[in-house]
$ cat query-v2.txt   # compact mmCIF, C-alpha atoms
# COMPACT_ATOMS: atom_id res chain seq x y z
CA MET K 189 121.17 -122.21 -70.62
CA THR K 190 121.06 -122.87 -74.33
CA ARG K 191 117.70 -123.21 -76.02
CA LYS K 192 119.00 -125.25 -78.94
CA GLY K 193 118.57 -128.51 -77.07
CA ARG K 194 120.87 -130.48 -79.36
CA ARG K 195 123.39 -131.68 -76.81
CA PRO K 196 123.25 -135.47 -76.37
CA GLY K 197 123.22 -135.00 -72.61
CA ASP K 198 119.81 -133.43 -72.92
CA THR K 199 118.13 -136.70 -73.86
CA LEU K 200 115.43 -137.83 -71.47
CA TRP K 201 114.81 -141.51 -71.21
CA MET K 202 111.19 -142.63 -70.81
CA PRO K 203 111.44 -146.41 -70.34
CA HIS K 204 107.64 -146.78 -70.64
CA GLY K 205 107.19 -144.05 -73.20
CA MET K 206 104.28 -141.63 -73.16
CA ILE K 207 100.96 -143.41 -72.55
CA GLY K 208 99.67 -144.55 -75.93
CA PHE K 209 103.12 -144.15 -77.51
CA PRO K 210 104.98 -147.27 -76.40
CA GLY K 211 108.41 -147.97 -77.78
CA LEU K 212 109.30 -144.30 -78.13
CA THR K 213 111.62 -143.79 -75.20
CA ARG K 214 113.93 -140.91 -76.09
CA TYR K 215 112.76 -137.34 -75.75
CA ARG K 216 114.12 -133.86 -75.36
CA LEU K 217 112.62 -131.32 -73.02
CA LEU K 218 112.73 -127.88 -74.51
CA ALA K 219 111.97 -124.63 -72.75
CA GLY K 220 109.02 -122.77 -74.20
CA ALA K 221 109.26 -119.52 -76.07
CA PRO K 222 110.12 -116.51 -73.91
CA ASP K 223 107.34 -115.17 -71.71
CA THR K 224 105.18 -118.27 -71.96
CA PRO K 225 104.75 -120.95 -69.31
CA PHE K 226 105.09 -123.64 -71.97
CA PHE K 227 107.58 -126.42 -72.50
CA VAL K 228 107.82 -129.00 -75.26
CA LEU K 229 108.57 -132.68 -75.00
CA GLU K 230 109.94 -133.73 -78.35
CA SER K 231 110.59 -137.27 -79.54
CA GLU K 232 114.09 -137.98 -80.80
CA GLU K 233 112.80 -141.05 -82.60
CA ARG K 234 109.65 -139.93 -84.38
CA SER K 235 110.04 -136.74 -86.32
CA GLY K 236 107.35 -134.20 -85.54
CA LEU K 237 106.05 -135.89 -82.41
CA ARG K 238 105.79 -133.17 -79.78
CA PHE K 239 103.82 -132.73 -76.62
CA PRO K 240 103.25 -129.25 -75.20
CA LEU K 241 103.78 -129.18 -71.45
CA ILE K 242 103.18 -126.69 -68.70
CA ASP K 243 104.26 -126.42 -65.09
CA PRO K 244 100.98 -127.42 -63.43
CA ALA K 245 101.73 -125.14 -60.49
CA VAL K 246 100.80 -122.30 -62.82
CA ALA K 247 97.25 -123.65 -62.78
CA ARG K 248 97.17 -125.36 -59.40
CA PRO K 249 99.90 -124.32 -56.97
CA GLU K 250 99.19 -127.27 -54.70
CA TYR K 251 99.34 -129.80 -57.53
CA ALA K 252 102.56 -131.59 -56.57
CA LEU K 253 100.79 -132.84 -53.46
CA HIS K 254 98.70 -135.12 -55.63
CA LEU K 255 101.73 -137.28 -56.40
CA GLU K 256 101.25 -140.38 -54.36
CA PRO K 257 104.18 -141.47 -52.19
CA GLY K 258 105.96 -144.36 -53.81
CA ARG K 259 104.91 -143.70 -57.38
CA LEU K 260 108.37 -142.37 -58.18
CA ASP K 261 110.22 -145.31 -56.63
CA GLU K 262 111.40 -146.86 -59.85
CA MET K 263 112.69 -143.51 -61.08
CA GLU K 264 115.22 -143.41 -58.26
CA ILE K 265 114.22 -139.93 -57.24
CA ASP K 266 115.10 -139.69 -53.56
CA ASP K 267 114.66 -135.98 -53.12
CA PRO K 268 111.36 -134.46 -54.33
CA GLU K 269 113.43 -131.42 -55.28
CA ASP K 270 115.00 -133.54 -58.02
CA ALA K 271 111.65 -134.08 -59.69
CA LEU K 272 110.20 -131.74 -62.26
CA VAL K 273 106.48 -132.15 -62.80
CA PHE K 274 104.72 -131.16 -66.01
CA ALA K 275 101.16 -131.41 -67.25
CA VAL K 276 100.44 -132.26 -70.89
CA LEU K 277 98.48 -129.65 -72.81
CA PHE K 278 96.21 -129.81 -75.80
CA ALA K 279 96.42 -126.50 -77.62
CA PRO K 280 94.30 -126.20 -80.78
CA GLY K 281 95.58 -122.74 -81.72
CA ASN K 282 93.18 -120.71 -79.62
CA ALA K 283 94.43 -119.93 -76.12
CA LYS K 284 90.90 -120.06 -74.71
CA GLU K 285 90.52 -123.68 -75.80
CA ILE K 286 93.75 -125.01 -74.33
CA THR K 287 93.11 -127.99 -72.08
CA ILE K 288 95.38 -129.37 -69.41
CA ASN K 289 95.69 -133.01 -68.35
CA LEU K 290 95.95 -133.06 -64.57
CA ARG K 291 95.36 -136.79 -64.27
CA ALA K 292 98.56 -137.97 -65.97
CA PRO K 293 101.54 -135.67 -65.34
CA VAL K 294 105.01 -136.19 -66.75
CA VAL K 295 107.63 -136.43 -64.04
CA VAL K 296 111.27 -135.79 -64.93
CA GLY K 297 114.21 -136.69 -62.72
CA LYS K 298 116.60 -133.78 -63.01
CA LYS K 299 119.64 -135.84 -62.04
CA THR K 300 118.80 -139.17 -63.64
CA ARG K 301 117.28 -137.73 -66.85
CA VAL K 302 114.63 -140.44 -66.55
CA ALA K 303 111.03 -139.41 -67.13
CA LYS K 304 107.68 -141.08 -66.75
CA GLN K 305 104.07 -140.22 -67.41
CA ILE K 306 102.22 -141.20 -64.29
CA LEU K 307 98.50 -141.93 -64.25
CA LEU K 308 97.33 -140.80 -60.83
CA ASP K 309 94.70 -142.64 -58.81
CA ASP K 310 92.79 -139.49 -57.85
CA GLU K 311 89.60 -139.64 -59.89
CA THR K 312 88.77 -136.01 -59.21
CA LEU K 313 91.70 -134.89 -61.36
CA PRO K 314 90.49 -134.14 -64.90
CA VAL K 315 92.17 -135.47 -68.03
CA ARG K 316 90.82 -132.52 -69.96
CA ALA K 317 90.33 -129.30 -68.01
CA LEU K 318 90.14 -125.89 -69.65
CA LEU K 319 93.33 -124.09 -68.75
CA SER K 320 91.51 -120.76 -68.75
CA SER K 321 89.08 -122.11 -66.13
CA GLU K 322 91.99 -123.36 -64.06
CA PHE K 323 93.53 -119.90 -64.17
CA ARG K 324 90.24 -118.31 -63.16
CA ARG K 325 89.94 -120.83 -60.39
CA GLU K 326 93.27 -119.73 -59.00
CA ARG K 327 92.54 -116.08 -59.76
CA GLY K 328 96.00 -116.33 -61.27
CA GLU K 329 98.29 -113.67 -62.56
CA ALA K 330 99.71 -116.20 -64.99
CA ARG K 331 99.14 -115.26 -68.60
CA LEU K 332 98.58 -117.21 -71.75
CA SER K 333 101.16 -115.26 -73.73
CA MET U 332 112.05 -158.37 -74.94
CA THR U 333 109.78 -161.38 -75.30
CA ASP U 334 106.36 -161.06 -73.75
CA ILE U 335 105.05 -164.52 -73.07
CA ARG U 336 101.71 -164.20 -71.31
CA ARG U 337 99.40 -166.62 -69.68
CA GLU U 338 95.85 -166.39 -68.49
CA ARG U 339 94.04 -168.27 -65.75
CA VAL U 340 90.37 -168.14 -64.87
CA PHE U 341 89.35 -168.43 -61.22
CA ASP U 342 86.05 -169.12 -59.52
CA ARG U 343 86.06 -167.02 -56.37
CA ALA U 344 83.57 -166.11 -53.67
CA VAL U 345 83.17 -162.85 -51.75
CA GLY U 346 86.17 -162.40 -49.47
CA ASP U 347 88.42 -164.65 -51.57
CA CYS U 348 91.69 -163.45 -52.98
CA ILE U 349 93.87 -163.95 -56.01
CA ARG U 350 97.58 -163.36 -55.86
CA ILE U 351 99.53 -162.17 -58.91
CA GLY U 352 103.28 -162.50 -58.57
CA ASP U 353 104.82 -161.85 -55.18
CA SER U 354 103.10 -158.65 -54.32
CA ILE U 355 99.82 -158.05 -56.13
CA GLU U 356 96.58 -159.16 -54.54
CA ILE U 357 93.00 -158.89 -55.73
CA ARG U 358 90.13 -159.53 -53.32
CA VAL U 359 86.47 -159.92 -54.15
CA GLU U 360 84.65 -157.38 -51.98
CA SER U 361 81.09 -157.84 -53.14
CA ILE U 362 79.01 -159.04 -56.05
CA GLY U 363 75.97 -157.21 -57.42
CA LYS U 364 73.80 -157.26 -60.52
CA GLY U 365 76.29 -157.80 -63.31
CA ARG U 366 79.00 -156.08 -61.31
CA VAL U 367 81.76 -157.11 -59.01
CA ARG U 368 83.65 -154.94 -56.54
CA LEU U 369 87.35 -155.74 -56.27
CA ALA U 370 89.98 -154.52 -53.85
CA CYS U 371 93.40 -154.49 -55.44
CA SER U 372 96.68 -153.98 -53.67
CA ALA U 373 100.07 -153.58 -55.30
CA PRO U 374 103.43 -151.94 -54.63
CA ALA U 375 103.13 -148.17 -54.51
CA ALA U 376 105.05 -147.67 -57.75
CA ALA U 377 102.59 -149.81 -59.70
CA LEU U 378 99.83 -148.42 -61.86
CA LEU U 379 96.46 -149.30 -60.32
CA VAL U 380 93.67 -148.06 -62.51
CA GLU U 381 90.72 -149.07 -64.69
CA ARG U 382 91.93 -150.04 -68.12
CA GLU U 383 89.72 -147.48 -69.88
CA ARG U 384 91.49 -144.68 -67.98
CA ILE U 385 94.71 -145.62 -69.78
CA GLU U 386 92.97 -145.44 -73.16
CA GLU U 387 91.50 -142.08 -72.17
CA VAL U 388 94.96 -140.68 -71.42
CA ALA U 389 96.40 -142.25 -74.59
CA GLU U 390 93.72 -140.44 -76.61
CA GLU U 391 94.42 -137.19 -74.79
CA ASN U 392 98.13 -137.62 -75.56
CA ARG U 393 97.34 -138.15 -79.24
CA ARG U 394 95.26 -134.98 -79.19
CA ALA U 395 98.04 -133.10 -77.37
CA SER U 396 100.55 -134.15 -80.01
CA ARG U 397 98.42 -132.35 -82.61
CA SER U 398 98.62 -129.07 -80.73
CA ARG U 399 99.22 -125.63 -82.16
CA ILE U 400 99.79 -122.72 -79.84
CA PRO U 401 101.54 -119.40 -80.35
CA GLY U 402 104.39 -120.06 -77.95
CA PHE U 403 104.73 -123.57 -79.28
CA GLU U 404 104.94 -122.45 -82.91
CA ASP U 405 107.47 -119.78 -82.04
CA LEU U 406 109.61 -122.32 -80.27
CA LEU U 407 109.55 -124.69 -83.20
CA ALA U 408 110.55 -121.86 -85.53
CA LEU U 409 113.49 -121.16 -83.24
CA GLN U 410 114.54 -124.78 -83.41
CA GLU U 411 114.38 -125.08 -87.18
CA GLU U 412 117.00 -122.33 -87.34
CA ASP U 413 119.90 -124.54 -86.33
$ encode --input "query-v2.txt" --output "structure tokens"
Amino acid sequence: MTRKGRRPGDTLWMPHGMIGFPGLTRYRLLAGAPDTPFFVLESEERSGLRFPLIDPAVARPEYALHLEPGRLDEMEIDDPEDALVFAVLFAPGNAKEITINLRAPVVVGKKTRVAKQILLDDETLPVRALLSSEFRRERGEARLS
Amino acid sequence: MTDIRRERVFDRAVGDCIRIGDSIEIRVESIGKGRVRLACSAPAAALLVERERIEEVAEENRRASRSRIPGFEDLLALQEED
């Protein structure tokens, strides 16, 4: 798989945009640097607009279960295996201060190339949880680079 | 896409409902001191959340877009190369 991410076929369509960024509907999903669990969602329409993402299973293996049945209906994802789920990160430059948004994951349809940020109903899911605490919580082997 | 909106105000009692479109229903569950408890039902794909939660996530997204992390920086450097 190429890391350049310049092929037109790589465009993800987010009909609703990221929450708070309406009207920006075209993104590219780029794999993170080697040996990190990070991904980047990059706008094709606004230069420099990038969201760091992470596979939330790294922090909470059971996370996908929080997706409520039916929430993916309009994305035409029939098989859960076709859905990639990411959590948005805030990373201020210090790994210990990275926070993860578990309340509003980004779901990507692998086949359809349609993506959506979904605000989950579950009020126990934090918008801003310390990733390091999440790792501790899972006693994880995952590493922050 | 044009977005022509309209607003209606209803006087409702406990147990009464309001219907929005074909499939969204809001029922008054109870009324307290300056507060009202509403039960809302909508198709499963619909967002059903307090409005301030959306603003909270929007703010978190804005913060996220200002991120700097080692792996992230490295990746961007890789990209600039082509």
$ closest_atom_pairs --input "query-v2.txt" --of "chain U" --to "range 273-287 of chain K" --cutoff "8 Å" --atoms "all atoms listed in the file" --output "CSV"
residue,atom,partner,partner_atom,distance
U:Glu391,CA,K:Phe278,CA,7.7
U:Asn392,CA,K:Val276,CA,7.5
U:Arg394,CA,K:Phe278,CA,6.3
U:Ala395,CA,K:Phe278,CA,4.1
U:Ser396,CA,K:Phe278,CA,7.4
U:Arg397,CA,K:Phe278,CA,7.6
U:Ser398,CA,K:Ala279,CA,4.6
U:Arg399,CA,K:Gly281,CA,4.7
U:Ile400,CA,K:Gly281,CA,4.6
U:Pro401,CA,K:Gly281,CA,7.0
$ residues_around --input "query-v2.txt" --residues "Asp309 in chain K" --least-positions-apart "5" --cutoff "10 Å" --atoms "only C-alpha atoms" --output "PyMOL selection string"
(chain K and resi 254-256+291-292) or (chain U and resi 378-381+384)
$ write_last_selection --input "query-v2.txt" --atoms "C-alpha atoms" --output "compact mmCIF listing (two decimals), in the coordinates of the input"
# COMPACT_ATOMS: atom_id res chain seq x y z
CA HIS K 254 98.70 -135.12 -55.63
CA LEU K 255 101.73 -137.28 -56.40
CA GLU K 256 101.25 -140.38 -54.36
CA ARG K 291 95.36 -136.79 -64.27
CA ALA K 292 98.56 -137.97 -65.97
CA LEU U 378 99.83 -148.42 -61.86
CA LEU U 379 96.46 -149.30 -60.32
CA VAL U 380 93.67 -148.06 -62.51
CA GLU U 381 90.72 -149.07 -64.69
CA ARG U 384 91.49 -144.68 -67.98
$ atom_distance --input "query-v2.txt" --atom1 "CA of Ala375 in chain U" --atom2 "CA of Leu260 in chain K"
8.6 Å
$ interface_residues --input "query-v2.txt" --of "chain K" --to "chain U" --cutoff "9 Å" --atoms "only C-alpha atoms" --output "PDB file with C-alpha atoms, keeping the file's coordinate frame"
ATOM      1  CA  ARG K 191     117.700-123.210 -76.020  1.00  0.00           C
ATOM      2  CA  LYS K 192     119.000-125.250 -78.940  1.00  0.00           C
ATOM      3  CA  GLY K 193     118.570-128.510 -77.070  1.00  0.00           C
ATOM      4  CA  MET K 206     104.280-141.630 -73.160  1.00  0.00           C
ATOM      5  CA  ILE K 207     100.960-143.410 -72.550  1.00  0.00           C
ATOM      6  CA  GLY K 208      99.670-144.550 -75.930  1.00  0.00           C
ATOM      7  CA  PHE K 209     103.120-144.150 -77.510  1.00  0.00           C
ATOM      8  CA  LEU K 218     112.730-127.880 -74.510  1.00  0.00           C
ATOM      9  CA  ALA K 219     111.970-124.630 -72.750  1.00  0.00           C
ATOM     10  CA  GLY K 220     109.020-122.770 -74.200  1.00  0.00           C
ATOM     11  CA  ALA K 221     109.260-119.520 -76.070  1.00  0.00           C
ATOM     12  CA  PRO K 222     110.120-116.510 -73.910  1.00  0.00           C
ATOM     13  CA  ASP K 223     107.340-115.170 -71.710  1.00  0.00           C
ATOM     14  CA  THR K 224     105.180-118.270 -71.960  1.00  0.00           C
ATOM     15  CA  PRO K 225     104.750-120.950 -69.310  1.00  0.00           C
ATOM     16  CA  PHE K 226     105.090-123.640 -71.970  1.00  0.00           C
ATOM     17  CA  PHE K 227     107.580-126.420 -72.500  1.00  0.00           C
ATOM     18  CA  VAL K 228     107.820-129.000 -75.260  1.00  0.00           C
ATOM     19  CA  GLY K 236     107.350-134.200 -85.540  1.00  0.00           C
ATOM     20  CA  LEU K 237     106.050-135.890 -82.410  1.00  0.00           C
ATOM     21  CA  ARG K 238     105.790-133.170 -79.780  1.00  0.00           C
ATOM     22  CA  PHE K 239     103.820-132.730 -76.620  1.00  0.00           C
ATOM     23  CA  PRO K 240     103.250-129.250 -75.200  1.00  0.00           C
ATOM     24  CA  GLU K 256     101.250-140.380 -54.360  1.00  0.00           C
ATOM     25  CA  PRO K 257     104.180-141.470 -52.190  1.00  0.00           C
ATOM     26  CA  GLY K 258     105.960-144.360 -53.810  1.00  0.00           C
ATOM     27  CA  ARG K 259     104.910-143.700 -57.380  1.00  0.00           C
ATOM     28  CA  LEU K 260     108.370-142.370 -58.180  1.00  0.00           C
ATOM     29  CA  ASP K 261     110.220-145.310 -56.630  1.00  0.00           C
ATOM     30  CA  GLU K 262     111.400-146.860 -59.850  1.00  0.00           C
ATOM     31  CA  VAL K 276     100.440-132.260 -70.890  1.00  0.00           C
ATOM     32  CA  LEU K 277      98.480-129.650 -72.810  1.00  0.00           C
ATOM     33  CA  PHE K 278      96.210-129.810 -75.800  1.00  0.00           C
ATOM     34  CA  ALA K 279      96.420-126.500 -77.620  1.00  0.00           C
ATOM     35  CA  PRO K 280      94.300-126.200 -80.780  1.00  0.00           C
ATOM     36  CA  GLY K 281      95.580-122.740 -81.720  1.00  0.00           C
ATOM     37  CA  ASN K 282      93.180-120.710 -79.620  1.00  0.00           C
ATOM     38  CA  ALA K 283      94.430-119.930 -76.120  1.00  0.00           C
ATOM     39  CA  ILE K 286      93.750-125.010 -74.330  1.00  0.00           C
ATOM     40  CA  THR K 287      93.110-127.990 -72.080  1.00  0.00           C
ATOM     41  CA  ASN K 289      95.690-133.010 -68.350  1.00  0.00           C
ATOM     42  CA  ARG K 291      95.360-136.790 -64.270  1.00  0.00           C
ATOM     43  CA  ALA K 292      98.560-137.970 -65.970  1.00  0.00           C
ATOM     44  CA  ILE K 306     102.220-141.200 -64.290  1.00  0.00           C
ATOM     45  CA  LEU K 307      98.500-141.930 -64.250  1.00  0.00           C
ATOM     46  CA  LEU K 308      97.330-140.800 -60.830  1.00  0.00           C
ATOM     47  CA  ASP K 309      94.700-142.640 -58.810  1.00  0.00           C
ATOM     48  CA  VAL K 315      92.170-135.470 -68.030  1.00  0.00           C
ATOM     49  CA  ARG K 316      90.820-132.520 -69.960  1.00  0.00           C
ATOM     50  CA  LEU K 332      98.580-117.210 -71.750  1.00  0.00           C
ATOM     51  CA  SER K 333     101.160-115.260 -73.730  1.00  0.00           C
TER      52      SER K 333
END
$ residues_near_point --input "query-v2.txt" --point "(111.3, -140.9, -69.9)" --cutoff "12 Å" --atoms "all atoms listed in the file" --output "MDAnalysis selection string"
chainID K and resid 198:207 209:217 229:232 262:263 272 293:298 300:306
$ write_last_selection --input "query-v2.txt" --atoms "C-alpha atoms" --output "PDB file, keeping the file's coordinate frame"
ATOM      1  CA  ASP K 198     119.810-133.430 -72.920  1.00  0.00           C
ATOM      2  CA  THR K 199     118.130-136.700 -73.860  1.00  0.00           C
ATOM      3  CA  LEU K 200     115.430-137.830 -71.470  1.00  0.00           C
ATOM      4  CA  TRP K 201     114.810-141.510 -71.210  1.00  0.00           C
ATOM      5  CA  MET K 202     111.190-142.630 -70.810  1.00  0.00           C
ATOM      6  CA  PRO K 203     111.440-146.410 -70.340  1.00  0.00           C
ATOM      7  CA  HIS K 204     107.640-146.780 -70.640  1.00  0.00           C
ATOM      8  CA  GLY K 205     107.190-144.050 -73.200  1.00  0.00           C
ATOM      9  CA  MET K 206     104.280-141.630 -73.160  1.00  0.00           C
ATOM     10  CA  ILE K 207     100.960-143.410 -72.550  1.00  0.00           C
ATOM     11  CA  PHE K 209     103.120-144.150 -77.510  1.00  0.00           C
ATOM     12  CA  PRO K 210     104.980-147.270 -76.400  1.00  0.00           C
ATOM     13  CA  GLY K 211     108.410-147.970 -77.780  1.00  0.00           C
ATOM     14  CA  LEU K 212     109.300-144.300 -78.130  1.00  0.00           C
ATOM     15  CA  THR K 213     111.620-143.790 -75.200  1.00  0.00           C
ATOM     16  CA  ARG K 214     113.930-140.910 -76.090  1.00  0.00           C
ATOM     17  CA  TYR K 215     112.760-137.340 -75.750  1.00  0.00           C
ATOM     18  CA  ARG K 216     114.120-133.860 -75.360  1.00  0.00           C
ATOM     19  CA  LEU K 217     112.620-131.320 -73.020  1.00  0.00           C
ATOM     20  CA  LEU K 229     108.570-132.680 -75.000  1.00  0.00           C
ATOM     21  CA  GLU K 230     109.940-133.730 -78.350  1.00  0.00           C
ATOM     22  CA  SER K 231     110.590-137.270 -79.540  1.00  0.00           C
ATOM     23  CA  GLU K 232     114.090-137.980 -80.800  1.00  0.00           C
ATOM     24  CA  GLU K 262     111.400-146.860 -59.850  1.00  0.00           C
ATOM     25  CA  MET K 263     112.690-143.510 -61.080  1.00  0.00           C
ATOM     26  CA  LEU K 272     110.200-131.740 -62.260  1.00  0.00           C
ATOM     27  CA  PRO K 293     101.540-135.670 -65.340  1.00  0.00           C
ATOM     28  CA  VAL K 294     105.010-136.190 -66.750  1.00  0.00           C
ATOM     29  CA  VAL K 295     107.630-136.430 -64.040  1.00  0.00           C
ATOM     30  CA  VAL K 296     111.270-135.790 -64.930  1.00  0.00           C
ATOM     31  CA  GLY K 297     114.210-136.690 -62.720  1.00  0.00           C
ATOM     32  CA  LYS K 298     116.600-133.780 -63.010  1.00  0.00           C
ATOM     33  CA  THR K 300     118.800-139.170 -63.640  1.00  0.00           C
ATOM     34  CA  ARG K 301     117.280-137.730 -66.850  1.00  0.00           C
ATOM     35  CA  VAL K 302     114.630-140.440 -66.550  1.00  0.00           C
ATOM     36  CA  ALA K 303     111.030-139.410 -67.130  1.00  0.00           C
ATOM     37  CA  LYS K 304     107.680-141.080 -66.750  1.00  0.00           C
ATOM     38  CA  GLN K 305     104.070-140.220 -67.410  1.00  0.00           C
ATOM     39  CA  ILE K 306     102.220-141.200 -64.290  1.00  0.00           C
TER      40      ILE K 306
END
$ atom_distance --input "query-v2.txt" --atom1 "CA of Val367 in chain U" --atom2 "CA of Pro314 in chain K"
25.3 Å
$ atom_distance --input "query-v2.txt" --atom1 "CA of Ile288 in chain K" --atom2 "CA of Pro268 in chain K"
22.6 Å
